[in-house]
Amino acid sequence: MARILVVDDEVGIRELLSEILYDEGHTVELAENAAQARAARLRMRPDLVLLDIWMPDTDGVSLLKEWASQGMLDMPVIMMSGHATIDTAVEATRIGAMDFLEKPITLQRLLKTVAAGLARGRAPHPAPAAAHPAIASAAVALEDELDPPPLSTASAGEVPVTSNGQLGSISLDQPLREARDEFERIYFEYHLVRESHSMTRVSERTGLERTHLYRKLKQLGIESARKRGA
């Protein structure tokens with residue numbers, strides 16, 4: 001698979017993107033600022049870079065411009081930001097960025113954009129800004145995330161309620177919140193086992209974005225860490 005460099009000063013964003021990309025089989029290098037990104041760029045020669053715009057020392061657009069001026073922009077670069085304007089997206093694509101992702105980044109958009117970048121491969125020369133979809137993407141990047149679908153689509157008749165108030169292993173005599181937590185615990189544990197603890201596939205299967213999924217598993221006390229190297 002591909003070597004991907006993730007550059008972002010927020011540790012939570014770096015870890016989340018790393019976990020998603022690792023689940024997809026990629027090798028991931030992390031950098032929290034421009035200095036680390038420069039070193040990683042030379043060391044690993046990434047197939048693709050996810051580059052945050054707002055960073056404390058050198059911002060992402062300036063780093064992108066630096067790489068372009070030095071003839072080092074020979075890999076697709078996808079810009080990321082939660083506060084960038086259309087003008088910023090236009091400037092980044094004019095310099096040579098392939099696309100633009102607005103934070104919070106949805107799982108589907110991330111995977112689709114990364115796949116498109118890797119399919120394009122190494123680009124020896126920046127394409128003109130008009131050829132990039134990023135400008136149009138940035139204009140609609142603030143789209144609202146839809147609420148996830150209900151966790152259960154099974155009809156009540158498929159799991160009959162027993163005479164002592166049991167729905168499967170769940171007691172219906174307890175408060176609603178506790179009964180719901182029991183159901184959700186069973187539901188997510190089932191999907192974790194079914195998908196071999198791949199958070200990407202569990203997210204797709206349950207209809208929850210990764211950030212929501214991690215929060216839900218933590219709330220339910222479910223171990224979500226994937227067994228690695230086993």
# chains A, B, ... in the order shown; residues from 1 in each chain; ligands from 1
$ residues_around --residues "Val61 of chain A" --least-positions-apart "6" --cutoff "10 Å" --atoms "only C-alpha atoms" --output "ChimeraX atom specification"
/A:51-55,67,79,88-89,91-93,95-97
$ select_by_dssp --residues "segment 4-220 of chain A" --states "alpha helix (DSSP H)" --output "ChimeraX atom specification"
/A:11-23,34-44,60-69,86-95,107-120,134-139,176-194,199-206,210-220
$ atom_distance --atom1 "atom CA of Met98 of chain A" --atom2 "atom CA of Leu50 of chain A"
10.2 Å
$ residues_around --residues "Leu213 of chain A" --least-positions-apart "5" --cutoff "9 Å" --atoms "only C-alpha atoms" --output "list of chain:residue names"
A:Met199, A:Val202, A:Ser203, A:Thr206, A:Leu208, A:Lys218
$ closest_residue --among "A:Glu223, A:Asp47, A:Glu102, A:Glu24" --to "Val193 of chain A" --atoms "only C-alpha atoms"
A:Glu223
$ residues_around --residues "segment 108-111 of chain A" --least-positions-apart "6" --cutoff "9 Å" --atoms "only C-alpha atoms" --output "PDB file with all heavy atoms, in the first residue's frame"
ATOM      1  N   LEU A  17      -6.545  10.206  12.029  1.00  0.00           N
ATOM      2  CA  LEU A  17      -6.235   9.952  10.626  1.00  0.00           C
ATOM      3  C   LEU A  17      -5.285   8.769  10.492  1.00  0.00           C
ATOM      4  O   LEU A  17      -5.418   7.943   9.576  1.00  0.00           O
ATOM      5  CB  LEU A  17      -5.626  11.203   9.989  1.00  0.00           C
ATOM      6  CG  LEU A  17      -6.547  12.419   9.882  1.00  0.00           C
ATOM      7  CD1 LEU A  17      -5.813  13.596   9.247  1.00  0.00           C
ATOM      8  CD2 LEU A  17      -7.801  12.080   9.071  1.00  0.00           C
ATOM      9  N   ILE A  20      -7.264   5.500  10.915  1.00  0.00           N
ATOM     10  CA  ILE A  20      -8.084   5.212   9.728  1.00  0.00           C
ATOM     11  C   ILE A  20      -7.209   4.704   8.588  1.00  0.00           C
ATOM     12  O   ILE A  20      -7.518   3.682   7.951  1.00  0.00           O
ATOM     13  CB  ILE A  20      -8.844   6.474   9.283  1.00  0.00           C
ATOM     14  CG1 ILE A  20      -9.884   6.875  10.328  1.00  0.00           C
ATOM     15  CG2 ILE A  20      -9.525   6.246   7.927  1.00  0.00           C
ATOM     16  CD1 ILE A  20     -10.561   8.207  10.050  1.00  0.00           C
ATOM     17  N   LEU A  21      -6.125   5.392   8.314  1.00  0.00           N
ATOM     18  CA  LEU A  21      -5.260   5.025   7.197  1.00  0.00           C
ATOM     19  C   LEU A  21      -4.542   3.708   7.461  1.00  0.00           C
ATOM     20  O   LEU A  21      -4.318   2.913   6.543  1.00  0.00           O
ATOM     21  CB  LEU A  21      -4.250   6.145   6.929  1.00  0.00           C
ATOM     22  CG  LEU A  21      -4.886   7.472   6.481  1.00  0.00           C
ATOM     23  CD1 LEU A  21      -3.847   8.583   6.446  1.00  0.00           C
ATOM     24  CD2 LEU A  21      -5.542   7.315   5.113  1.00  0.00           C
ATOM     25  N   GLU A  24      -6.664   0.913   6.614  1.00  0.00           N
ATOM     26  CA  GLU A  24      -6.746   0.720   5.168  1.00  0.00           C
ATOM     27  C   GLU A  24      -5.481   0.073   4.612  1.00  0.00           C
ATOM     28  O   GLU A  24      -5.388  -0.172   3.404  1.00  0.00           O
ATOM     29  CB  GLU A  24      -6.976   2.073   4.482  1.00  0.00           C
ATOM     30  CG  GLU A  24      -8.342   2.669   4.753  1.00  0.00           C
ATOM     31  CD  GLU A  24      -9.470   1.795   4.232  1.00  0.00           C
ATOM     32  OE1 GLU A  24      -9.500   1.527   3.020  1.00  0.00           O
ATOM     33  OE2 GLU A  24     -10.315   1.369   5.050  1.00  0.00           O
ATOM     34  N   LEU A 101      -9.729  19.376   2.167  1.00  0.00           N
ATOM     35  CA  LEU A 101     -10.671  18.742   3.073  1.00  0.00           C
ATOM     36  C   LEU A 101     -11.006  19.692   4.217  1.00  0.00           C
ATOM     37  O   LEU A 101     -10.112  20.212   4.884  1.00  0.00           O
ATOM     38  CB  LEU A 101     -10.074  17.444   3.651  1.00  0.00           C
ATOM     39  CG  LEU A 101      -9.881  16.279   2.684  1.00  0.00           C
ATOM     40  CD1 LEU A 101      -9.145  15.142   3.377  1.00  0.00           C
ATOM     41  CD2 LEU A 101     -11.221  15.802   2.144  1.00  0.00           C
ATOM     42  N   GLU A 204     -18.283   1.963   8.899  1.00  0.00           N
ATOM     43  CA  GLU A 204     -19.117   1.862   7.711  1.00  0.00           C
ATOM     44  C   GLU A 204     -20.340   0.987   7.978  1.00  0.00           C
ATOM     45  O   GLU A 204     -21.445   1.280   7.532  1.00  0.00           O
ATOM     46  CB  GLU A 204     -18.297   1.279   6.552  1.00  0.00           C
ATOM     47  CG  GLU A 204     -17.186   2.212   6.076  1.00  0.00           C
ATOM     48  CD  GLU A 204     -16.293   1.567   5.043  1.00  0.00           C
ATOM     49  OE1 GLU A 204     -16.347   0.317   4.908  1.00  0.00           O
ATOM     50  OE2 GLU A 204     -15.541   2.288   4.376  1.00  0.00           O
ATOM     51  N   GLU A 209     -19.740   7.938  12.187  1.00  0.00           N
ATOM     52  CA  GLU A 209     -18.425   8.472  11.873  1.00  0.00           C
ATOM     53  C   GLU A 209     -17.429   8.010  12.929  1.00  0.00           C
ATOM     54  O   GLU A 209     -17.799   7.696  14.058  1.00  0.00           O
ATOM     55  CB  GLU A 209     -18.468  10.012  11.834  1.00  0.00           C
ATOM     56  CG  GLU A 209     -19.286  10.561  10.685  1.00  0.00           C
ATOM     57  CD  GLU A 209     -18.735  10.183   9.323  1.00  0.00           C
ATOM     58  OE1 GLU A 209     -17.517   9.919   9.236  1.00  0.00           O
ATOM     59  OE2 GLU A 209     -19.508  10.125   8.361  1.00  0.00           O
TER      60      GLU A 209
END
$ closest_residue --among "A:Gly121, A:Tyr187, A:Met72, A:Val6" --to "Ser18 of chain A" --atoms "only C-alpha atoms"
A:Val6
$ atom_distance --atom1 "atom CA of Val11 of chain A" --atom2 "atom CA of Arg43 of chain A"
21.2 Å
$ closest_residue --among "A:Glu182, A:Asp173, A:Asp8, A:Asp74" --to "Ala34 of chain A" --atoms "only C-alpha atoms"
A:Asp8
$ residues_around --residues "Lys103 of chain A" --least-positions-apart "6" --cutoff "8 Å" --atoms "only C-alpha atoms" --output "ChimeraX atom specification"
/A:80-82
$ select_by_dssp --residues "segment 18-136 of chain A" --states "strand (DSSP E or B)" --output "ChimeraX atom specification"
/A:27-31,48-52,77-81,99-102
$ write_last_selection --atoms "all heavy atoms" --output "tab-separated table (two decimals), in the first residue's frame"
chain	number	residue	atom	x	y	z
A	27	THR	N	1.08	2.76	5.23
A	27	THR	CA	2.13	3.12	6.18
A	27	THR	C	2.00	4.62	6.44
A	27	THR	O	1.95	5.41	5.49
A	27	THR	CB	3.53	2.83	5.60
A	27	THR	OG1	3.64	1.42	5.35
A	27	THR	CG2	4.62	3.27	6.57
A	28	VAL	N	1.92	5.00	7.71
A	28	VAL	CA	1.63	6.40	8.04
A	28	VAL	C	2.76	7.00	8.87
A	28	VAL	O	3.22	6.40	9.84
A	28	VAL	CB	0.30	6.52	8.82
A	28	VAL	CG1	-0.03	7.98	9.08
A	28	VAL	CG2	-0.83	5.84	8.07
A	29	GLU	N	3.21	8.18	8.46
A	29	GLU	CA	4.19	8.96	9.21
A	29	GLU	C	3.48	10.22	9.70
A	29	GLU	O	2.69	10.84	8.96
A	29	GLU	CB	5.36	9.34	8.31
A	29	GLU	CG	6.46	10.11	8.99
A	29	GLU	CD	7.54	9.22	9.57
A	29	GLU	OE1	7.47	8.00	9.37
A	29	GLU	OE2	8.46	9.75	10.22
A	30	LEU	N	3.76	10.63	10.94
A	30	LEU	CA	3.09	11.79	11.52
A	30	LEU	C	4.08	12.93	11.76
A	30	LEU	O	5.22	12.70	12.14
A	30	LEU	CB	2.42	11.40	12.84
A	30	LEU	CG	1.40	10.26	12.79
A	30	LEU	CD1	0.85	9.97	14.18
A	30	LEU	CD2	0.26	10.59	11.83
A	31	ALA	N	3.60	14.14	11.55
A	31	ALA	CA	4.40	15.34	11.82
A	31	ALA	C	3.48	16.39	12.42
A	31	ALA	O	2.34	16.56	11.96
A	31	ALA	CB	5.04	15.87	10.54
A	48	LEU	N	1.75	10.37	-0.70
A	48	LEU	CA	0.69	11.37	-0.56
A	48	LEU	C	0.87	12.09	0.78
A	48	LEU	O	1.33	11.48	1.75
A	48	LEU	CB	-0.68	10.70	-0.63
A	48	LEU	CG	-1.92	11.62	-0.54
A	48	LEU	CD1	-3.00	11.14	-1.53
A	48	LEU	CD2	-2.50	11.61	0.87
A	49	VAL	N	0.51	13.37	0.83
A	49	VAL	CA	0.63	14.16	2.05
A	49	VAL	C	-0.74	14.78	2.40
A	49	VAL	O	-1.40	15.37	1.53
A	49	VAL	CB	1.66	15.29	1.91
A	49	VAL	CG1	1.71	16.14	3.18
A	49	VAL	CG2	3.05	14.71	1.62
A	50	LEU	N	-1.14	14.63	3.65
A	50	LEU	CA	-2.30	15.34	4.19
A	50	LEU	C	-1.74	16.49	5.02
A	50	LEU	O	-1.08	16.25	6.04
A	50	LEU	CB	-3.15	14.41	5.04
A	50	LEU	CG	-3.93	13.31	4.29
A	50	LEU	CD1	-4.48	12.28	5.27
A	50	LEU	CD2	-5.05	13.91	3.46
A	51	LEU	N	-1.96	17.71	4.59
A	51	LEU	CA	-1.28	18.87	5.16
A	51	LEU	C	-2.26	19.89	5.73
A	51	LEU	O	-3.09	20.45	5.01
A	51	LEU	CB	-0.41	19.52	4.07
A	51	LEU	CG	0.35	20.79	4.44
A	51	LEU	CD1	1.32	20.54	5.60
A	51	LEU	CD2	1.13	21.30	3.21
A	52	ASP	N	-2.15	20.12	7.03
A	52	ASP	CA	-3.00	21.12	7.70
A	52	ASP	C	-2.55	22.52	7.29
A	52	ASP	O	-1.36	22.78	7.11
A	52	ASP	CB	-2.89	20.94	9.22
A	52	ASP	CG	-3.86	21.82	9.98
A	52	ASP	OD1	-4.97	22.07	9.46
A	52	ASP	OD2	-3.53	22.24	11.10
A	77	VAL	N	-0.71	16.42	-2.73
A	77	VAL	CA	-0.89	17.03	-1.41
A	77	VAL	C	-2.35	17.43	-1.24
A	77	VAL	O	-2.91	18.12	-2.10
A	77	VAL	CB	0.02	18.27	-1.24
A	77	VAL	CG1	-0.27	18.94	0.10
A	77	VAL	CG2	1.49	17.87	-1.32
A	78	ILE	N	-2.93	16.99	-0.15
A	78	ILE	CA	-4.32	17.32	0.17
A	78	ILE	C	-4.31	18.24	1.39
A	78	ILE	O	-3.81	17.86	2.45
A	78	ILE	CB	-5.14	16.05	0.47
A	78	ILE	CG1	-5.16	15.14	-0.77
A	78	ILE	CG2	-6.56	16.41	0.90
A	78	ILE	CD1	-5.69	13.75	-0.49
A	79	MET	N	-4.82	19.44	1.24
A	79	MET	CA	-4.84	20.40	2.33
A	79	MET	C	-6.02	20.13	3.26
A	79	MET	O	-7.07	19.64	2.84
A	79	MET	CB	-4.94	21.83	1.78
A	79	MET	CG	-3.90	22.19	0.73
A	79	MET	SD	-2.19	22.00	1.30
A	79	MET	CE	-2.10	23.34	2.50
A	80	MET	N	-5.85	20.48	4.55
A	80	MET	CA	-6.91	20.30	5.55
A	80	MET	C	-7.03	21.57	6.38
A	80	MET	O	-6.03	22.20	6.70
A	80	MET	CB	-6.57	19.13	6.48
A	80	MET	CG	-6.25	17.82	5.81
A	80	MET	SD	-5.91	16.51	7.02
A	80	MET	CE	-4.37	17.12	7.76
A	81	SER	N	-8.26	21.91	6.73
A	81	SER	CA	-8.46	23.06	7.61
A	81	SER	C	-9.90	23.12	8.08
A	81	SER	O	-10.81	22.68	7.38
A	81	SER	CB	-8.11	24.37	6.90
A	81	SER	OG	-8.37	25.47	7.75
A	99	ASP	N	-6.29	18.71	-3.59
A	99	ASP	CA	-7.66	18.82	-3.10
A	99	ASP	C	-7.65	19.48	-1.73
A	99	ASP	O	-6.58	19.80	-1.19
A	99	ASP	CB	-8.32	17.44	-3.03
A	99	ASP	CG	-9.84	17.51	-3.23
A	99	ASP	OD1	-10.42	18.58	-2.94
A	99	ASP	OD2	-10.44	16.51	-3.65
A	100	PHE	N	-8.84	19.66	-1.18
A	100	PHE	CA	-8.99	20.39	0.07
A	100	PHE	C	-10.05	19.70	0.91
A	100	PHE	O	-11.15	19.43	0.43
A	100	PHE	CB	-9.40	21.84	-0.23
A	100	PHE	CG	-9.62	22.69	0.98
A	100	PHE	CD1	-8.57	23.42	1.51
A	100	PHE	CD2	-10.87	22.76	1.58
A	100	PHE	CE1	-8.78	24.22	2.63
A	100	PHE	CE2	-11.08	23.55	2.70
A	100	PHE	CZ	-10.02	24.28	3.23
A	101	LEU	N	-9.73	19.38	2.17
A	101	LEU	CA	-10.67	18.74	3.07
A	101	LEU	C	-11.01	19.69	4.22
A	101	LEU	O	-10.11	20.21	4.88
A	101	LEU	CB	-10.07	17.44	3.65
A	101	LEU	CG	-9.88	16.28	2.68
A	101	LEU	CD1	-9.14	15.14	3.38
A	101	LEU	CD2	-11.22	15.80	2.14
A	102	GLU	N	-12.30	19.90	4.44
A	102	GLU	CA	-12.75	20.77	5.52
A	102	GLU	C	-12.96	19.93	6.78
A	102	GLU	O	-13.57	18.87	6.74
A	102	GLU	CB	-14.07	21.44	5.12
A	102	GLU	CG	-14.64	22.39	6.16
A	102	GLU	CD	-13.91	23.71	6.23
A	102	GLU	OE1	-13.18	24.05	5.27
A	102	GLU	OE2	-14.07	24.42	7.24
$ atom_distance --atom1 "atom CA of Arg94 of chain A" --atom2 "atom CA of Thr113 of chain A"
18.1 Å
$ closest_residue --among "A:Ile105, A:Asp59, A:Arg45, A:Ser196" --to "Leu73 of chain A" --atoms "only C-alpha atoms"
A:Arg45
$ decode --residues "segment 186-199 of chain A" --atoms "all heavy atoms" --output "mmCIF file, in the first residue's frame"
data_model
loop_
_atom_site.group_PDB
_atom_site.id
_atom_site.type_symbol
_atom_site.label_atom_id
_atom_site.label_comp_id
_atom_site.auth_asym_id
_atom_site.auth_seq_id
_atom_site.Cartn_x
_atom_site.Cartn_y
_atom_site.Cartn_z
ATOM 1 N N ILE A 186 -24.029 -4.910 23.249
ATOM 2 C CA ILE A 186 -24.103 -6.164 22.486
ATOM 3 C C ILE A 186 -23.928 -5.892 20.993
ATOM 4 O O ILE A 186 -23.207 -6.602 20.286
ATOM 5 C CB ILE A 186 -25.468 -6.860 22.746
ATOM 6 C CG1 ILE A 186 -25.551 -7.325 24.194
ATOM 7 C CG2 ILE A 186 -25.663 -8.040 21.794
ATOM 8 C CD1 ILE A 186 -26.932 -7.815 24.606
ATOM 9 N N TYR A 187 -24.581 -4.831 20.538
ATOM 10 C CA TYR A 187 -24.544 -4.464 19.120
ATOM 11 C C TYR A 187 -23.120 -4.167 18.646
ATOM 12 O O TYR A 187 -22.648 -4.713 17.636
ATOM 13 C CB TYR A 187 -25.442 -3.244 18.915
ATOM 14 C CG TYR A 187 -25.456 -2.679 17.509
ATOM 15 C CD1 TYR A 187 -26.316 -3.186 16.544
ATOM 16 C CD2 TYR A 187 -24.624 -1.616 17.174
ATOM 17 C CE1 TYR A 187 -26.341 -2.656 15.267
ATOM 18 C CE2 TYR A 187 -24.641 -1.088 15.895
ATOM 19 C CZ TYR A 187 -25.499 -1.610 14.937
ATOM 20 O OH TYR A 187 -25.522 -1.076 13.682
ATOM 21 N N PHE A 188 -22.404 -3.317 19.386
ATOM 22 C CA PHE A 188 -21.070 -2.925 18.955
ATOM 23 C C PHE A 188 -20.048 -4.046 19.147
ATOM 24 O O PHE A 188 -19.128 -4.202 18.334
ATOM 25 C CB PHE A 188 -20.631 -1.654 19.689
ATOM 26 C CG PHE A 188 -21.321 -0.414 19.189
ATOM 27 C CD1 PHE A 188 -22.232 0.262 19.984
ATOM 28 C CD2 PHE A 188 -21.082 0.065 17.914
ATOM 29 C CE1 PHE A 188 -22.889 1.388 19.521
ATOM 30 C CE2 PHE A 188 -21.728 1.191 17.439
ATOM 31 C CZ PHE A 188 -22.637 1.859 18.242
ATOM 32 N N GLU A 189 -20.179 -4.829 20.222
ATOM 33 C CA GLU A 189 -19.279 -5.955 20.406
ATOM 34 C C GLU A 189 -19.437 -6.962 19.271
ATOM 35 O O GLU A 189 -18.461 -7.541 18.792
ATOM 36 C CB GLU A 189 -19.532 -6.614 21.760
ATOM 37 C CG GLU A 189 -19.012 -5.787 22.938
ATOM 38 C CD GLU A 189 -19.332 -6.407 24.285
ATOM 39 O OE1 GLU A 189 -20.208 -7.313 24.331
ATOM 40 O OE2 GLU A 189 -18.712 -6.004 25.284
ATOM 41 N N TYR A 190 -20.667 -7.152 18.820
ATOM 42 C CA TYR A 190 -20.931 -8.050 17.693
ATOM 43 C C TYR A 190 -20.208 -7.571 16.439
ATOM 44 O O TYR A 190 -19.525 -8.348 15.751
ATOM 45 C CB TYR A 190 -22.444 -8.125 17.437
ATOM 46 C CG TYR A 190 -22.820 -8.711 16.102
ATOM 47 C CD1 TYR A 190 -22.772 -10.093 15.879
ATOM 48 C CD2 TYR A 190 -23.216 -7.886 15.053
ATOM 49 C CE1 TYR A 190 -23.108 -10.630 14.651
ATOM 50 C CE2 TYR A 190 -23.563 -8.415 13.819
ATOM 51 C CZ TYR A 190 -23.509 -9.781 13.614
ATOM 52 O OH TYR A 190 -23.837 -10.311 12.396
ATOM 53 N N HIS A 191 -20.336 -6.276 16.123
ATOM 54 C CA HIS A 191 -19.723 -5.752 14.912
ATOM 55 C C HIS A 191 -18.198 -5.686 15.025
ATOM 56 O O HIS A 191 -17.500 -5.868 14.025
ATOM 57 C CB HIS A 191 -20.308 -4.383 14.575
ATOM 58 C CG HIS A 191 -21.676 -4.462 13.952
ATOM 59 N ND1 HIS A 191 -21.900 -5.001 12.711
ATOM 60 C CD2 HIS A 191 -22.903 -4.103 14.430
ATOM 61 C CE1 HIS A 191 -23.188 -4.953 12.419
ATOM 62 N NE2 HIS A 191 -23.823 -4.415 13.458
ATOM 63 N N LEU A 192 -17.668 -5.414 16.209
ATOM 64 C CA LEU A 192 -16.218 -5.410 16.385
ATOM 65 C C LEU A 192 -15.633 -6.787 16.091
ATOM 66 O O LEU A 192 -14.609 -6.912 15.408
ATOM 67 C CB LEU A 192 -15.855 -4.973 17.809
ATOM 68 C CG LEU A 192 -15.942 -3.473 18.095
ATOM 69 C CD1 LEU A 192 -15.867 -3.209 19.595
ATOM 70 C CD2 LEU A 192 -14.820 -2.721 17.379
ATOM 71 N N VAL A 193 -16.268 -7.825 16.614
ATOM 72 C CA VAL A 193 -15.798 -9.188 16.365
ATOM 73 C C VAL A 193 -15.971 -9.541 14.894
ATOM 74 O O VAL A 193 -15.064 -10.089 14.254
ATOM 75 C CB VAL A 193 -16.563 -10.193 17.253
ATOM 76 C CG1 VAL A 193 -16.219 -11.628 16.853
ATOM 77 C CG2 VAL A 193 -16.224 -9.969 18.718
ATOM 78 N N ARG A 194 -17.129 -9.197 14.343
ATOM 79 C CA ARG A 194 -17.422 -9.519 12.941
ATOM 80 C C ARG A 194 -16.424 -8.879 11.991
ATOM 81 O O ARG A 194 -16.040 -9.480 10.980
ATOM 82 C CB ARG A 194 -18.836 -9.046 12.607
ATOM 83 C CG ARG A 194 -19.262 -9.352 11.179
ATOM 84 C CD ARG A 194 -20.663 -8.877 10.919
ATOM 85 N NE ARG A 194 -21.091 -9.182 9.563
ATOM 86 C CZ ARG A 194 -22.274 -8.857 9.056
ATOM 87 N NH1 ARG A 194 -23.159 -8.233 9.806
ATOM 88 N NH2 ARG A 194 -22.587 -9.162 7.822
ATOM 89 N N GLU A 195 -16.009 -7.648 12.293
ATOM 90 C CA GLU A 195 -15.091 -6.922 11.415
ATOM 91 C C GLU A 195 -13.642 -6.986 11.893
ATOM 92 O O GLU A 195 -12.816 -6.174 11.483
ATOM 93 C CB GLU A 195 -15.529 -5.455 11.300
ATOM 94 C CG GLU A 195 -16.959 -5.261 10.816
ATOM 95 C CD GLU A 195 -17.190 -5.834 9.415
ATOM 96 O OE1 GLU A 195 -16.196 -6.040 8.704
ATOM 97 O OE2 GLU A 195 -18.361 -6.084 9.057
ATOM 98 N N SER A 196 -13.324 -7.928 12.782
ATOM 99 C CA SER A 196 -11.950 -8.130 13.279
ATOM 100 C C SER A 196 -11.353 -6.860 13.871
ATOM 101 O O SER A 196 -10.177 -6.562 13.683
ATOM 102 C CB SER A 196 -11.051 -8.676 12.156
ATOM 103 O OG SER A 196 -11.556 -9.894 11.660
ATOM 104 N N HIS A 197 -12.180 -6.079 14.558
ATOM 105 C CA HIS A 197 -11.777 -4.837 15.224
ATOM 106 C C HIS A 197 -11.239 -3.769 14.264
ATOM 107 O O HIS A 197 -10.508 -2.877 14.677
ATOM 108 C CB HIS A 197 -10.739 -5.114 16.321
ATOM 109 C CG HIS A 197 -11.356 -5.692 17.559
ATOM 110 N ND1 HIS A 197 -11.785 -7.000 17.637
ATOM 111 C CD2 HIS A 197 -11.630 -5.132 18.766
ATOM 112 C CE1 HIS A 197 -12.284 -7.225 18.845
ATOM 113 N NE2 HIS A 197 -12.217 -6.112 19.538
ATOM 114 N N SER A 198 -11.612 -3.856 12.983
ATOM 115 C CA SER A 198 -11.262 -2.788 12.041
ATOM 116 C C SER A 198 -12.241 -1.643 12.245
ATOM 117 O O SER A 198 -13.426 -1.758 11.919
ATOM 118 C CB SER A 198 -11.340 -3.281 10.595
ATOM 119 O OG SER A 198 -11.307 -2.180 9.702
ATOM 120 N N MET A 199 -11.757 -0.534 12.792
ATOM 121 C CA MET A 199 -12.634 0.584 13.094
ATOM 122 C C MET A 199 -13.222 1.199 11.822
ATOM 123 O O MET A 199 -14.320 1.746 11.828
ATOM 124 C CB MET A 199 -11.882 1.635 13.905
ATOM 125 C CG MET A 199 -11.381 1.114 15.246
ATOM 126 S SD MET A 199 -12.724 0.450 16.285
ATOM 127 C CE MET A 199 -13.559 1.972 16.718
#
